[in-house]
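The structure under discussion appears below in the form of structure tokens.
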Amino acid sequence: MTREATTSVAETADLLARYQHGSSPTTWAIIDTNAVVGRVTLYSKDGGWSEDAGYVPGKVWELGIMMCPAAQGRGLAFEACCQAIDIVDERAKPRRIFADIDPDNTASIRLCERLGFCYEGTLRSLWHTHIGVRDTYMMSLVEGDERPWRT
């Protein structure tokens with residue numbers, strides 16, 4: 001993320017509420033033992049409004065995932081992403097789903113690899129964050145790529 005970590009539950013809740021705006025139909029909480037431990041979202045990058053149809057999702061989507069550190073490493077993010085991608089595949093028939101990942105975020109990189117995402121390249125000095133200027137590691141699933149959890 002381009003911002004510092006939140007410092008309280010209230011600040012985190014406020015941040016997530018702002019992130020939720022406009023992506024509600026394709027954003028889900030990740031729950032473990034009756035507690036929210038993360039969030040997965042897919043959002044259309046090229047969708048738009050039509051006078052006849054209302055919001056029409058595009059064919060290019062971005063995957064976003066957030067997990068509490070204590071919940072990492074148990075497969076919850078993988079399962080949530082599989083379900084989210086299945087729903088968006090069925091509803092929107094995306095041509096492309098991509099993930100924009102900090103190169104130091106090995107957990108997210110490994111997650112995307114397990115999901116079948118392919119490495120596309122590194123965009124240098126793309127983001128200015130609270131820890132300085134950062135590269136981004138681009139990965140994607142495209143129409144026709146295998147969804148490994150389905151086999």
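How things are named: the first chain in the structure tokens is A, the next is B, and so on; residues count from 1 in each chain; ligands count from 1 in the order shown.
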>> List the spatial neighbours of stretch 64-79 of chain A as number ranges by chain - criterion: any atom at most 12 Å away, only C-alpha atoms, same-chain residues fewer than 3 positions off excluded.
In response: A: 1, 5-6, 9, 12, 15-16, 19-20, 23, 26-33, 35-44, 61, 82-86, 97-101, 105-116, 148-150
> So which bits of chain A end up strand (DSSP E) when you DSSP the backbone, as a ChimeraX atom specification?
Replying inline: /A:27-32,35-44,48-50,54-56,60-67,96-101,118-129,132-142
Where does DSSP see alpha helix (DSSP H) in chain A, if you list the residues as a short mmCIF file (atom, residue, chain, number, x, y, z; two decimals) with C-alpha atoms, in the first residue's frame?
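Saved the output as states_11.cif:
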data_model
loop_
_atom_site.label_atom_id
_atom_site.label_comp_id
_atom_site.auth_asym_id
_atom_site.auth_seq_id
_atom_site.Cartn_x
_atom_site.Cartn_y
_atom_site.Cartn_z
CA VAL A 9 -9.11 -0.79 14.77
CA ALA A 10 -11.20 2.38 14.27
CA GLU A 11 -8.71 3.79 11.77
CA THR A 12 -8.65 0.46 9.90
CA ALA A 13 -12.46 0.32 9.81
CA ASP A 14 -12.59 3.87 8.43
CA LEU A 15 -10.01 3.07 5.76
CA LEU A 16 -11.84 -0.08 4.68
CA ALA A 17 -15.15 1.80 4.51
CA ARG A 18 -13.55 4.32 2.15
CA TYR A 19 -12.01 1.53 0.04
CA GLN A 20 -15.39 -0.21 -0.14
CA LEU A 76 -7.55 -18.24 3.90
CA ALA A 77 -6.41 -15.68 1.32
CA PHE A 78 -6.02 -18.38 -1.34
CA GLU A 79 -9.52 -19.73 -0.74
CA ALA A 80 -11.03 -16.22 -0.73
CA CYS A 81 -9.25 -15.27 -3.96
CA CYS A 82 -10.37 -18.50 -5.68
CA GLN A 83 -13.99 -17.79 -4.79
CA ALA A 84 -13.76 -14.11 -5.77
CA ILE A 85 -12.15 -14.88 -9.14
CA ASP A 86 -14.76 -17.57 -9.83
CA ILE A 87 -17.57 -15.08 -9.18
CA VAL A 88 -16.06 -12.36 -11.37
CA ASP A 89 -15.22 -14.88 -14.11
CA GLU A 90 -18.85 -15.98 -14.16
CA ARG A 91 -20.44 -12.52 -13.95
CA ALA A 92 -18.10 -10.34 -16.02
CA THR A 106 6.66 -12.27 -1.04
CA ALA A 107 3.42 -13.54 0.54
CA SER A 108 1.31 -11.82 -2.15
CA ILE A 109 3.66 -12.91 -4.93
CA ARG A 110 3.46 -16.56 -3.78
CA LEU A 111 -0.32 -16.29 -3.45
CA CYS A 112 -0.65 -15.04 -7.02
CA GLU A 113 1.67 -17.78 -8.27
CA ARG A 114 -0.56 -20.40 -6.56
#
> What is the distance, in Å and to one decimal place, between atom CA of A:Pro94 and atom CA of A:Val60?
Replying inline: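 Value for the atom CA of A:Pro94-atom CA of A:Val60 distance: 6.0 Å.
The two atoms in question, atom CA of A:Arg134 and atom CA of A:Asp102, are spaced 7.2 Å apart.
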